[in-house]
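Down below is the structure, laid out as structure tokens.
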Amino acid sequence: MGSINVSQAAGGRGVSATISWTTGPTVTVKITGNAGYGAQAHWRIRGVNPDTTHYISDTDASTGTFEAVDGTSYAFQAIWGSASDGEIFTVNFDKPRTLTISEGDGASVTCSISNGSTVYDGDTFTVTANTVTGYNKTTFTVSGATLVSGNTYQVTGNVTITASATVKSYTLTLDAGDNSTITVKRTNSPLGGATTGNLSNNATIYYNDVLKISFVASTGYNIATSTVNGSSFTSGNTYTVSGAVLVESTATVKSYTLSLNPDTGTEILVYRTSSPLQGADSGELLDGATIYHSDVLKINFESDAEYEIAQKLVNQKDFTSGDSHTVTGNVEIVTIAGFAGIVHIYNGTEFIKYLIYIYNGSDWDQYIPYVYDGTNWNICS
């Protein structure tokens, strides 16, 4: 049962009434006759049991009980003899109502009556509903009707205030330049059920998502620029979403140095025949030249007539003249040479150098004469 509202009626002369109620539907009514009205007075309750009367005498009291129904008004009638003297008072029983507030994630409700309170028809309340940062309003209602923040509402039944919101969504854009890769992993999200793990280009992301962003260059390349929404970003760090996210990267080919160390009487000729770097010089390269990862170098070795190349080395490994080498790092090319076997013959004007070859029965082998100086044998020059 709810509250009791008592209204005294104008026709209630000759009697006075009290009414008591605690909990439950049982109501006790006590009516006392005023002096001078005698035993003829009695009273009854309209709408409950009209045939039941309660007799009173001067200054005496008669008490009756009945089962009240929520939301119903009852009229109490005083009677003298065979005539009715009208209603002496009425009692209205208000059914208790409950006010319930339901807030979803991202929604906030402020109400002048607290959640779970008992209210009654005719009570009024004010209510305001808002969304928190990063959420969009979806449903704001008062008992099914659209809620207007700041308005005053009147209780006419149970009250349910509902406020729900959805987290804002955005688009992830990945723009990885040639020879670079961008990896974006969602590690946390306010949206229940949002996929964690790696995200692809144009993926849907949500406010307060936490993204781990990494940049990797292809073999032979370095990451040149790595940005998130135009600002430099360190690979492996995390980023908290507050709007659309654009992740960009570029890569540049690694550069190295060419070192040429020809021995006396020898020459090293290096030609770049192809390069991944657009605009890289082709043709012959000199000592100290800049070379790039995956450059293709054609390497030739030459020597003067009186010298013989004993070793041709590229990065300390034997190398065949005329072959190509693909660059993966700094390149050092070395030759080691010595004098070839020669004689000088005077032609009447000058001495001319001649190489000596000896026929071994099938091939001509170069002959290299040595001269003993008393300690060592030296190539004759």
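Just so we're on the same page: first chain in the structure tokens is A, next is B, and so on; residues restart at 1 for each chain, and ligands are numbered from 1 in the order they show up.
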Taking a cut-off of 10 Å and counting only C-alpha atoms, can you build a table that, for each residue of segment 214-281 of chain A near segment 153-173 of chain A, reports the nearest atom pair and how far apart they are in Å (one decimal), sorted by chain then residue number, as a Markdown table?
```
| residue | atom | partner | partner_atom | distance |
| --- | --- | --- | --- | --- |
| A:Val228 | CA | A:Thr173 | CA | 9.9 |
| A:Asn229 | CA | A:Thr173 | CA | 9.8 |
| A:Val241 | CA | A:Tyr170 | CA | 8.7 |
| A:Ser242 | CA | A:Tyr170 | CA | 8.6 |
| A:Gly243 | CA | A:Tyr170 | CA | 6.0 |
| A:Ala244 | CA | A:Tyr170 | CA | 4.9 |
| A:Val245 | CA | A:Leu172 | CA | 5.0 |
| A:Leu246 | CA | A:Thr173 | CA | 4.8 |
| A:Val247 | CA | A:Thr173 | CA | 6.2 |
| A:Glu248 | CA | A:Thr173 | CA | 8.4 |
```
| request: Using only C-alpha atoms, find the one residue out of A:Asn222, A:Ser102, A:Ser180, A:Ser249 that sits nearest to Thr139 of chain A. | output: A:Ser102
| said: Residues within 10 Å of Asn115 of chain A, please, as a list of chain:residue names. Count only C-alpha atoms; anything in the same chain fewer than 3 positions from it doesn't count. | reply: A:Thr98, A:Leu99, A:Thr100, A:Ile101, A:Ser102, A:Val109, A:Thr110, A:Cys111, A:Ser112, A:Thr118, A:Thr160, A:Ile161
Requested write-out: N, CA and C atoms of the selected residues, as a PDB file, in the first residue's frame:
```pdb
ATOM      1  N   THR A  98       7.901   2.851  -8.290  1.00  0.00           N
ATOM      2  CA  THR A  98       9.365   2.764  -8.191  1.00  0.00           C
ATOM      3  C   THR A  98      10.005   3.560  -9.313  1.00  0.00           C
ATOM      4  N   LEU A  99      11.031   4.330  -8.974  1.00  0.00           N
ATOM      5  CA  LEU A  99      11.792   5.075  -9.983  1.00  0.00           C
ATOM      6  C   LEU A  99      13.131   4.357 -10.197  1.00  0.00           C
ATOM      7  N   THR A 100      13.347   3.930 -11.417  1.00  0.00           N
ATOM      8  CA  THR A 100      14.548   3.159 -11.756  1.00  0.00           C
ATOM      9  C   THR A 100      15.356   3.896 -12.815  1.00  0.00           C
ATOM     10  N   ILE A 101      16.653   4.002 -12.594  1.00  0.00           N
ATOM     11  CA  ILE A 101      17.555   4.661 -13.548  1.00  0.00           C
ATOM     12  C   ILE A 101      18.482   3.605 -14.129  1.00  0.00           C
ATOM     13  N   SER A 102      18.532   3.540 -15.451  1.00  0.00           N
ATOM     14  CA  SER A 102      19.409   2.594 -16.142  1.00  0.00           C
ATOM     15  C   SER A 102      20.396   3.369 -17.009  1.00  0.00           C
ATOM     16  N   VAL A 109      23.232  10.016 -16.120  1.00  0.00           N
ATOM     17  CA  VAL A 109      21.913  10.538 -15.774  1.00  0.00           C
ATOM     18  C   VAL A 109      21.986  11.249 -14.421  1.00  0.00           C
ATOM     19  N   THR A 110      21.415  12.452 -14.347  1.00  0.00           N
ATOM     20  CA  THR A 110      21.262  13.178 -13.083  1.00  0.00           C
ATOM     21  C   THR A 110      19.780  13.409 -12.853  1.00  0.00           C
ATOM     22  N   CYS A 111      19.270  12.893 -11.720  1.00  0.00           N
ATOM     23  CA  CYS A 111      17.842  12.991 -11.440  1.00  0.00           C
ATOM     24  C   CYS A 111      17.638  13.544 -10.037  1.00  0.00           C
ATOM     25  N   SER A 112      16.562  14.321  -9.863  1.00  0.00           N
ATOM     26  CA  SER A 112      16.289  14.913  -8.550  1.00  0.00           C
ATOM     27  C   SER A 112      15.814  13.870  -7.542  1.00  0.00           C
ATOM     28  N   THR A 118      11.060   5.035  -3.837  1.00  0.00           N
ATOM     29  CA  THR A 118       9.612   4.848  -3.942  1.00  0.00           C
ATOM     30  C   THR A 118       8.960   6.213  -4.162  1.00  0.00           C
ATOM     31  N   THR A 160      10.812   4.491 -15.371  1.00  0.00           N
ATOM     32  CA  THR A 160      12.099   3.948 -15.802  1.00  0.00           C
ATOM     33  C   THR A 160      12.795   4.974 -16.670  1.00  0.00           C
ATOM     34  N   ILE A 161      13.946   5.409 -16.200  1.00  0.00           N
ATOM     35  CA  ILE A 161      14.756   6.363 -16.968  1.00  0.00           C
ATOM     36  C   ILE A 161      15.901   5.585 -17.595  1.00  0.00           C
TER      37      ILE A 161
END
```
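One distance worth recording is that between atom CA of Leu258 of chain A and atom CA of His325 of chain A, which is 12.0 Å.
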| What's the 9 Å shell around Ser149 of chain A, counting only C-alpha atoms, without same-chain residues fewer than 4 positions away, as a count of residues only? | 6
| task | Give the strand (DSSP E or B) residues of segment 148-373 of chain A, as assigned by DSSP on the backbone, as a ChimeraX atom specification. | result | /A:152-154,159-167,169-176,180-188,197-199,204-206,210-217,221-228,231-232,238-240,245-253,255-261,266-274,283-285,290-292,296-303,307-314,317-318,324-326,331-339,342-346,351-359,364-367,370-372
With C-alpha atoms retained, could you export that selection as a short mmCIF file (atom, residue, chain, number, x, y, z; two decimals), in the first residue's frame?
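Result went into selection10.cif, see below:
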```cif
data_model
loop_
_atom_site.label_atom_id
_atom_site.label_comp_id
_atom_site.auth_asym_id
_atom_site.auth_seq_id
_atom_site.Cartn_x
_atom_site.Cartn_y
_atom_site.Cartn_z
CA THR A 152 10.23 18.26 -15.11
CA TYR A 153 8.19 15.04 -15.20
CA GLN A 154 5.18 13.86 -13.11
CA VAL A 159 9.19 5.30 -13.78
CA THR A 160 12.10 3.95 -15.80
CA ILE A 161 14.76 6.36 -16.97
CA THR A 162 17.00 4.88 -19.63
CA ALA A 163 20.16 6.39 -21.07
CA SER A 164 22.33 4.45 -23.47
CA ALA A 165 25.17 5.46 -25.79
CA THR A 166 27.51 3.89 -28.30
CA VAL A 167 31.23 4.45 -28.47
CA SER A 169 33.93 4.75 -34.33
CA TYR A 170 36.61 5.92 -36.74
CA THR A 171 38.66 4.60 -39.66
CA LEU A 172 42.27 3.42 -39.56
CA THR A 173 44.26 4.25 -42.71
CA LEU A 174 47.63 2.63 -43.38
CA ASP A 175 49.93 4.14 -46.01
CA ALA A 176 53.19 2.19 -46.18
CA SER A 180 58.22 -0.56 -45.66
CA THR A 181 55.56 -2.39 -43.65
CA ILE A 182 53.16 -1.03 -41.01
CA THR A 183 51.73 -3.33 -38.34
CA VAL A 184 48.91 -2.08 -36.10
CA LYS A 185 47.66 -4.26 -33.24
CA ARG A 186 44.65 -3.37 -31.09
CA THR A 187 45.59 -4.30 -27.53
CA ASN A 188 42.57 -2.86 -25.69
CA GLY A 197 45.14 -8.35 -32.79
CA ASN A 198 46.41 -6.98 -36.08
CA LEU A 199 44.24 -4.51 -37.99
CA THR A 204 37.06 0.32 -37.88
CA ILE A 205 38.55 1.56 -34.63
CA TYR A 206 36.87 3.02 -31.54
CA VAL A 210 44.84 1.29 -27.63
CA LEU A 211 46.92 0.55 -30.74
CA LYS A 212 50.47 -0.78 -30.81
CA ILE A 213 52.11 0.50 -34.00
CA SER A 214 55.31 -0.90 -35.55
CA PHE A 215 57.30 -0.04 -38.67
CA VAL A 216 59.61 -2.51 -40.44
CA ALA A 217 61.80 -1.89 -43.49
CA TYR A 221 66.33 -0.55 -46.44
CA ASN A 222 65.95 1.81 -43.49
CA ILE A 223 62.70 3.41 -42.26
CA ALA A 224 63.07 7.05 -43.25
CA THR A 225 59.82 8.50 -41.85
CA SER A 226 57.17 7.04 -39.52
CA THR A 227 54.19 9.19 -38.53
CA VAL A 228 50.75 8.96 -36.91
CA SER A 231 53.47 13.53 -36.10
CA SER A 232 56.64 11.50 -35.80
CA THR A 238 51.17 2.61 -28.30
CA TYR A 239 48.60 5.18 -29.42
CA THR A 240 45.19 5.91 -27.84
CA VAL A 245 44.04 7.54 -37.44
CA LEU A 246 46.43 7.85 -40.41
CA VAL A 247 49.67 5.87 -40.15
CA GLU A 248 52.36 6.54 -42.78
CA SER A 249 55.88 5.29 -43.45
CA THR A 250 58.63 5.63 -46.04
CA ALA A 251 61.89 3.74 -46.50
CA THR A 252 65.23 4.49 -48.14
CA VAL A 253 67.74 2.02 -49.53
CA SER A 255 74.08 3.04 -48.69
CA TYR A 256 77.64 1.74 -48.42
CA THR A 257 81.15 2.67 -49.56
CA LEU A 258 83.25 1.21 -52.39
CA SER A 259 86.97 0.88 -51.60
CA LEU A 260 89.49 0.12 -54.39
CA ASN A 261 93.00 -0.99 -53.41
CA THR A 266 97.30 -3.20 -61.68
CA GLU A 267 93.96 -1.49 -62.24
CA ILE A 268 90.50 -2.25 -60.87
CA LEU A 269 87.55 -1.24 -63.05
CA VAL A 270 84.07 -1.24 -61.44
CA TYR A 271 80.85 -0.54 -63.32
CA ARG A 272 77.40 -0.23 -61.77
CA THR A 273 75.05 -2.02 -64.13
CA SER A 274 71.83 -1.74 -62.08
CA GLY A 283 78.93 3.43 -65.45
CA GLU A 284 82.38 3.34 -63.88
CA LEU A 285 82.75 3.92 -60.14
CA THR A 290 78.64 5.52 -52.66
CA ILE A 291 76.95 2.26 -53.54
CA TYR A 292 73.53 0.93 -52.54
CA VAL A 296 74.99 -4.91 -59.27
CA LEU A 297 78.69 -4.23 -59.92
CA LYS A 298 80.67 -5.64 -62.81
CA ILE A 299 84.34 -5.89 -61.78
CA ASN A 300 87.34 -6.18 -64.11
CA PHE A 301 91.05 -6.49 -63.26
CA GLU A 302 93.89 -5.36 -65.54
CA SER A 303 97.68 -5.27 -65.14
CA TYR A 307 103.10 -7.37 -63.73
CA GLU A 308 101.12 -10.44 -62.99
CA ILE A 309 98.06 -10.36 -60.67
CA ALA A 310 98.43 -13.12 -58.14
CA GLN A 311 95.18 -12.46 -56.22
CA LYS A 312 91.92 -10.69 -57.04
CA LEU A 313 89.83 -10.23 -53.89
CA VAL A 314 86.32 -8.84 -53.25
CA LYS A 317 87.22 -13.64 -51.26
CA ASP A 318 88.69 -14.69 -54.63
CA SER A 324 79.26 -9.35 -61.23
CA HIS A 325 78.84 -8.73 -57.51
CA THR A 326 75.55 -7.83 -55.78
CA VAL A 331 82.68 -3.45 -50.78
CA GLU A 332 86.49 -3.65 -50.68
CA ILE A 333 88.32 -4.78 -53.79
CA VAL A 334 92.04 -5.65 -53.59
CA THR A 335 94.68 -6.89 -56.04
CA ILE A 336 98.03 -8.43 -55.18
CA ALA A 337 100.59 -8.53 -58.02
CA GLY A 338 104.25 -9.17 -58.78
CA PHE A 339 106.64 -8.70 -61.65
CA ILE A 342 110.78 -10.16 -68.75
CA VAL A 343 114.02 -9.52 -70.67
CA HIS A 344 115.25 -6.28 -72.17
CA ILE A 345 116.54 -6.44 -75.75
CA TYR A 346 118.33 -3.49 -77.35
CA PHE A 351 115.75 -1.38 -74.81
CA ILE A 352 112.42 -3.10 -75.34
CA LYS A 353 110.80 -5.29 -72.66
CA TYR A 354 109.81 -8.79 -73.69
CA LEU A 355 107.95 -11.50 -71.78
CA ILE A 356 109.49 -14.94 -71.96
CA TYR A 357 107.38 -18.01 -72.72
CA ILE A 358 108.66 -21.61 -72.94
CA TYR A 359 106.86 -24.29 -74.88
CA TRP A 364 103.35 -22.05 -73.82
CA ASP A 365 104.10 -21.27 -70.17
CA GLN A 366 105.29 -17.92 -69.05
CA TYR A 367 108.88 -18.00 -67.86
CA TYR A 370 114.89 -15.08 -60.81
CA VAL A 371 118.28 -13.64 -59.84
CA TYR A 372 120.05 -14.66 -56.64
#
```
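The coordinates place atom CA of Thr131 of chain A at 5.6 Å from atom CA of Gly106 of chain A.
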| Between atom CA of Thr328 of chain A and atom CA of Asp295 of chain A, what is the distance, to one decimal in Å? | 8.2 Å
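Nearest to Thr196 of chain A of all the residues A:Asp209, A:Ser321, A:Ser143, A:Phe233 is A:Asp209, counting only C-alpha atoms.
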| For Asp304 of chain A, the nearest of the candidates A:Gly134, A:Pro96, A:Pro262, A:Gly122, counting only C-alpha atoms | A:Pro262
